[in-house]
Amino acid sequence: MIRINEHYRKLQSSYLFSDIAKRVAAFQQAHPETEVIKLGIGDVTRSLPEACIEAFHRAVDEMGEDATFRGYGPEQGYPFLREKIAEFDFQARGAEVAADEVFISDGTKCDTGNFQELFAADIRVAIPDPVYPVYLDTNVMAGRTGAFSQGRYKGITYLSSTAENGFVPTLPDEPVDLIYLCFPNNPTGATIAKDRLKEWVDYARDHRALILFDAAYEIFIRDDGLPHSIYEIDGAREVAVEFRSLSKTAGFTGTRCAYTVVPKDCSAYTADGEKTSVHALWHRRHTTKFNGVSYPVQRAAEAIYSAEGRSQVRERIDYYLANAGRIREAMRGLGYTCAGGKNSPYIWIDGKTESWAFFDLLLNRAGVVCTPGVGFGPCGEGFIRISAFNSRENVDRAMERIKEALGA
Ligand code: PLP
């Protein structure tokens, strides 16, 4: 008899986006004349940079000639891309990362989801609340949690991110082995200062723990004082893995390219306490289960590091950041407290009521769709997330409508 992985039965169905869709459909049916403006979902709206498109076309042409055709590439990615990443994203910022510590993949969703499988089933895992749900669900699937009760899984150490701690969790009271951090954060838009990140690195070193640092939104950081990479912190190479994605950086959500940095100094331990290389484990896992990102996509990704590519990426990120600034200022003008919206495409707004009630208010009175914060975890209750990924015109129209609806 073929039996299922019982841990899957503990997973909570994610009703968040289907519930949103249902409410939007009901509103649309009742108000067919209103054009609903969607500022809910975290997907980019601007095209791929021109430099990427040109590189993509050139690579596709190469695939059309026997002389330049490429079949299977290295599973970890082509050296031309890994070298550019190490140089531009890390070495240029004084962070020590070598090209062979970079693993190219088709997404940070897969990488953050898969990484936990290198570790024992009975380790203690620390996960932020609110959170990008992949970290949590993949640990549930792997059997590292008990049952779900009152909004939380037993066996997980939740790192509460609240207005009181500025949405940057404090160190846990109980010892943990695997720690997920995400900055700039989805959904709160919060960033972490160097001294706070250093506390986490020091904690991991003291406890022989490992930090999985999701920096998918790094490109939005504009404040000079903020760390772009965890490897800007002394000692992080021994205790941290960093995830980056081209999805938001360069509009690759539909094209798919990301990478994970696993320093060779990074260790995990056998049951007998023997030090083992996390790099070697991930190399084994990646080369066994993954067959590489397509050649044209890697060439398109490489193009973001050219002079033109860099300026085209910057122009697009400036555009989204300007949207974020307008949303933040409009909501603050209406008397709402906001986090994020600076160094981040997300604005996390204290709705002064339940998340779904505020969602309904914005939908029914302004025809604007946001994301209820409670959908990201119990600490998100009372908040909504507004995303800056839309056209300037739609953002301005949405904010005008909200101002009118909320009586400014
Ligand atoms: N990590 C975070 C925090 C995200 O918000 C997202 C996407 O929304 C991802 C990872 C997924 O990235 P990718 O498109 O590279 O799979």
# chains A, B, ... in the order shown; residues from 1 in each chain; ligands from 1

call {"tool": "residues_near_ligand", "arguments": {"ligand": "ligand 1", "cutoff": "7 Å", "atoms": "only C-alpha atoms and all ligand atoms", "output": "ChimeraX atom specification"}}
result
/A:42,106-110,132,182,185-186,214,216,245-247,253,256-258

call {"tool": "residues_around", "arguments": {"residues": "Ala193 in chain A", "least_positions_apart": "5", "cutoff": "10 Å", "atoms": "only C-alpha atoms", "output": "PyMOL selection string"}}
result
chain A and resi 168+183+198+225-228

call {"tool": "write_last_selection", "arguments": {"atoms": "N, CA and C atoms", "output": "short mmCIF file (atom, residue, chain, number, x, y, z; two decimals), in the first residue's frame"}}
result
data_model
loop_
_atom_site.label_atom_id
_atom_site.label_comp_id
_atom_site.auth_asym_id
_atom_site.auth_seq_id
_atom_site.Cartn_x
_atom_site.Cartn_y
_atom_site.Cartn_z
N VAL A 168 11.77 43.77 13.93
CA VAL A 168 13.04 43.03 13.87
C VAL A 168 13.06 42.14 15.10
N PHE A 183 15.45 40.06 5.24
CA PHE A 183 15.55 41.53 5.24
C PHE A 183 16.10 42.03 3.91
N LYS A 198 24.37 41.67 13.59
CA LYS A 198 25.55 41.10 14.26
C LYS A 198 25.13 40.28 15.49
N GLY A 225 23.75 53.07 5.44
CA GLY A 225 24.15 52.38 6.67
C GLY A 225 23.67 50.93 6.75
N LEU A 226 22.73 50.55 5.90
CA LEU A 226 22.15 49.20 6.04
C LEU A 226 23.01 48.15 5.34
N PRO A 227 23.14 46.96 5.94
CA PRO A 227 23.90 45.90 5.26
C PRO A 227 23.10 45.35 4.07
N HIS A 228 23.79 45.13 2.96
CA HIS A 228 23.15 44.51 1.79
C HIS A 228 23.25 43.00 1.87
#

call {"tool": "atom_distance", "arguments": {"atom1": "CA of Glu54 in chain A", "atom2": "CA of Thr255 in chain A"}}
result
14.3 Å

call {"tool": "residues_around", "arguments": {"residues": "Val60 in chain A", "least_positions_apart": "6", "cutoff": "10 Å", "atoms": "only C-alpha atoms", "output": "MDAnalysis selection string"}}
result
chainID A and resid 54 69 295:297 299

call {"tool": "write_last_selection", "arguments": {"atoms": "C-alpha atoms", "output": "PDB file, in the first residue's frame"}}
result
ATOM      1  CA  GLU A  54      19.253  41.552 -25.940  1.00  0.00           C
ATOM      2  CA  PHE A  69      24.547  25.093 -29.168  1.00  0.00           C
ATOM      3  CA  TYR A 295      21.670  28.910 -20.806  1.00  0.00           C
ATOM      4  CA  PRO A 296      19.661  31.824 -22.285  1.00  0.00           C
ATOM      5  CA  VAL A 297      18.268  32.687 -18.835  1.00  0.00           C
ATOM      6  CA  ARG A 299      22.981  34.977 -20.150  1.00  0.00           C
TER       7      ARG A 299
END

call {"tool": "atom_distance", "arguments": {"atom1": "CA of Leu136 in chain A", "atom2": "CA of Ile384 in chain A"}}
result
20.4 Å

call {"tool": "select_by_dssp", "arguments": {"residues": "range 332-372 of chain A", "states": "strand (DSSP E)", "output": "PyMOL selection string"}}
result
chain A and resi 338-340+346-350+368-369+371-372

call {"tool": "closest_atom_pairs", "arguments": {"of": "range 155-226 of chain A", "to": "range 82-93 of chain A", "cutoff": "12 Å", "atoms": "only C-alpha atoms", "output": "JSON lines"}}
result
{"residue": "A:Ala215", "atom": "CA", "partner": "A:Asp89", "partner_atom": "CA", "distance": 11.6}
{"residue": "A:Glu218", "atom": "CA", "partner": "A:Asp89", "partner_atom": "CA", "distance": 9.9}
{"residue": "A:Ile219", "atom": "CA", "partner": "A:Asp89", "partner_atom": "CA", "distance": 9.9}
{"residue": "A:Asp224", "atom": "CA", "partner": "A:Arg93", "partner_atom": "CA", "distance": 11.3}
{"residue": "A:Leu226", "atom": "CA", "partner": "A:Arg93", "partner_atom": "CA", "distance": 11.8}

call {"tool": "residues_around", "arguments": {"residues": "Gly292 in chain A", "least_positions_apart": "6", "cutoff": "7 Å", "atoms": "only C-alpha atoms", "output": "list in words"}}
result
Gly73, Pro74, Glu75, Gln76, Gly77 and Ser105 of chain A

call {"tool": "residues_around", "arguments": {"residues": "Asp265 in chain A", "least_positions_apart": "5", "cutoff": "12 Å", "atoms": "only C-alpha atoms", "output": "PDB file with N, CA, C and O atoms, in the first residue's frame"}}
result
ATOM      1  N   GLU A  96      33.329  38.921   1.496  1.00  0.00           N
ATOM      2  CA  GLU A  96      34.184  37.901   0.891  1.00  0.00           C
ATOM      3  C   GLU A  96      33.317  36.715   0.444  1.00  0.00           C
ATOM      4  O   GLU A  96      32.833  35.942   1.262  1.00  0.00           O
ATOM      5  N   VAL A  97      33.088  36.629  -0.867  1.00  0.00           N
ATOM      6  CA  VAL A  97      32.343  35.490  -1.444  1.00  0.00           C
ATOM      7  C   VAL A  97      33.051  35.115  -2.734  1.00  0.00           C
ATOM      8  O   VAL A  97      33.339  35.976  -3.570  1.00  0.00           O
ATOM      9  N   ALA A  98      33.348  33.825  -2.916  1.00  0.00           N
ATOM     10  CA  ALA A  98      34.020  33.371  -4.132  1.00  0.00           C
ATOM     11  C   ALA A  98      32.983  32.795  -5.099  1.00  0.00           C
ATOM     12  O   ALA A  98      31.905  32.347  -4.685  1.00  0.00           O
ATOM     13  N   GLU A 101      31.264  29.581  -4.470  1.00  0.00           N
ATOM     14  CA  GLU A 101      30.342  29.519  -3.323  1.00  0.00           C
ATOM     15  C   GLU A 101      28.931  29.946  -3.728  1.00  0.00           C
ATOM     16  O   GLU A 101      28.022  29.962  -2.899  1.00  0.00           O
ATOM     17  N   LEU A 210      22.726  27.823  12.506  1.00  0.00           N
ATOM     18  CA  LEU A 210      22.898  28.296  11.134  1.00  0.00           C
ATOM     19  C   LEU A 210      21.770  29.276  10.812  1.00  0.00           C
ATOM     20  O   LEU A 210      20.607  29.019  11.137  1.00  0.00           O
ATOM     21  N   TYR A 231      27.094  38.822   4.812  1.00  0.00           N
ATOM     22  CA  TYR A 231      28.555  38.643   4.856  1.00  0.00           C
ATOM     23  C   TYR A 231      29.304  39.954   5.090  1.00  0.00           C
ATOM     24  O   TYR A 231      30.527  39.963   5.163  1.00  0.00           O
ATOM     25  N   GLY A 235      32.343  37.260  10.792  1.00  0.00           N
ATOM     26  CA  GLY A 235      32.027  35.925  11.311  1.00  0.00           C
ATOM     27  C   GLY A 235      30.854  35.252  10.631  1.00  0.00           C
ATOM     28  O   GLY A 235      30.581  34.068  10.852  1.00  0.00           O
ATOM     29  N   ALA A 236      30.131  35.992   9.759  1.00  0.00           N
ATOM     30  CA  ALA A 236      28.917  35.422   9.153  1.00  0.00           C
ATOM     31  C   ALA A 236      29.242  34.269   8.203  1.00  0.00           C
ATOM     32  O   ALA A 236      28.413  33.368   8.017  1.00  0.00           O
ATOM     33  N   ARG A 237      30.410  34.285   7.609  1.00  0.00           N
ATOM     34  CA  ARG A 237      30.738  33.204   6.663  1.00  0.00           C
ATOM     35  C   ARG A 237      30.675  31.826   7.323  1.00  0.00           C
ATOM     36  O   ARG A 237      30.472  30.830   6.657  1.00  0.00           O
ATOM     37  N   GLU A 238      30.845  31.791   8.630  1.00  0.00           N
ATOM     38  CA  GLU A 238      30.854  30.484   9.317  1.00  0.00           C
ATOM     39  C   GLU A 238      29.456  30.006   9.678  1.00  0.00           C
ATOM     40  O   GLU A 238      29.267  28.819   9.957  1.00  0.00           O
ATOM     41  N   VAL A 239      28.485  30.932   9.672  1.00  0.00           N
ATOM     42  CA  VAL A 239      27.167  30.561  10.224  1.00  0.00           C
ATOM     43  C   VAL A 239      25.981  31.006   9.372  1.00  0.00           C
ATOM     44  O   VAL A 239      24.840  30.966   9.850  1.00  0.00           O
ATOM     45  N   ALA A 240      26.223  31.449   8.141  1.00  0.00           N
ATOM     46  CA  ALA A 240      25.078  31.965   7.372  1.00  0.00           C
ATOM     47  C   ALA A 240      25.125  31.569   5.905  1.00  0.00           C
ATOM     48  O   ALA A 240      26.179  31.552   5.275  1.00  0.00           O
ATOM     49  N   VAL A 241      23.929  31.277   5.390  1.00  0.00           N
ATOM     50  CA  VAL A 241      23.692  31.018   3.971  1.00  0.00           C
ATOM     51  C   VAL A 241      22.811  32.168   3.501  1.00  0.00           C
ATOM     52  O   VAL A 241      21.916  32.598   4.238  1.00  0.00           O
ATOM     53  N   LYS A 275      32.401  18.341  12.831  1.00  0.00           N
ATOM     54  CA  LYS A 275      32.127  19.459  11.916  1.00  0.00           C
ATOM     55  C   LYS A 275      32.018  18.969  10.476  1.00  0.00           C
ATOM     56  O   LYS A 275      32.881  18.201  10.027  1.00  0.00           O
ATOM     57  N   THR A 276      30.996  19.420   9.775  1.00  0.00           N
ATOM     58  CA  THR A 276      30.802  19.001   8.380  1.00  0.00           C
ATOM     59  C   THR A 276      30.545  20.239   7.533  1.00  0.00           C
ATOM     60  O   THR A 276      29.902  21.190   7.993  1.00  0.00           O
ATOM     61  N   SER A 277      31.025  20.221   6.295  1.00  0.00           N
ATOM     62  CA  SER A 277      30.881  21.386   5.425  1.00  0.00           C
ATOM     63  C   SER A 277      29.462  21.474   4.851  1.00  0.00           C
ATOM     64  O   SER A 277      29.001  20.561   4.153  1.00  0.00           O
ATOM     65  N   VAL A 278      28.794  22.600   5.129  1.00  0.00           N
ATOM     66  CA  VAL A 278      27.455  22.810   4.564  1.00  0.00           C
ATOM     67  C   VAL A 278      27.567  22.989   3.046  1.00  0.00           C
ATOM     68  O   VAL A 278      26.699  22.559   2.285  1.00  0.00           O
ATOM     69  N   HIS A 279      28.672  23.603   2.610  1.00  0.00           N
ATOM     70  CA  HIS A 279      28.900  23.792   1.176  1.00  0.00           C
ATOM     71  C   HIS A 279      28.921  22.435   0.470  1.00  0.00           C
ATOM     72  O   HIS A 279      28.283  22.239  -0.570  1.00  0.00           O
ATOM     73  N   ALA A 280      29.647  21.479   1.056  1.00  0.00           N
ATOM     74  CA  ALA A 280      29.745  20.143   0.437  1.00  0.00           C
ATOM     75  C   ALA A 280      28.368  19.469   0.403  1.00  0.00           C
ATOM     76  O   ALA A 280      28.006  18.828  -0.591  1.00  0.00           O
TER      77      ALA A 280
END

call {"tool": "select_by_dssp", "arguments": {"residues": "range 60-124 of chain A", "states": "alpha helix (DSSP H)", "output": "ChimeraX atom specification"}}
result
/A:60-63,79-84,108-114
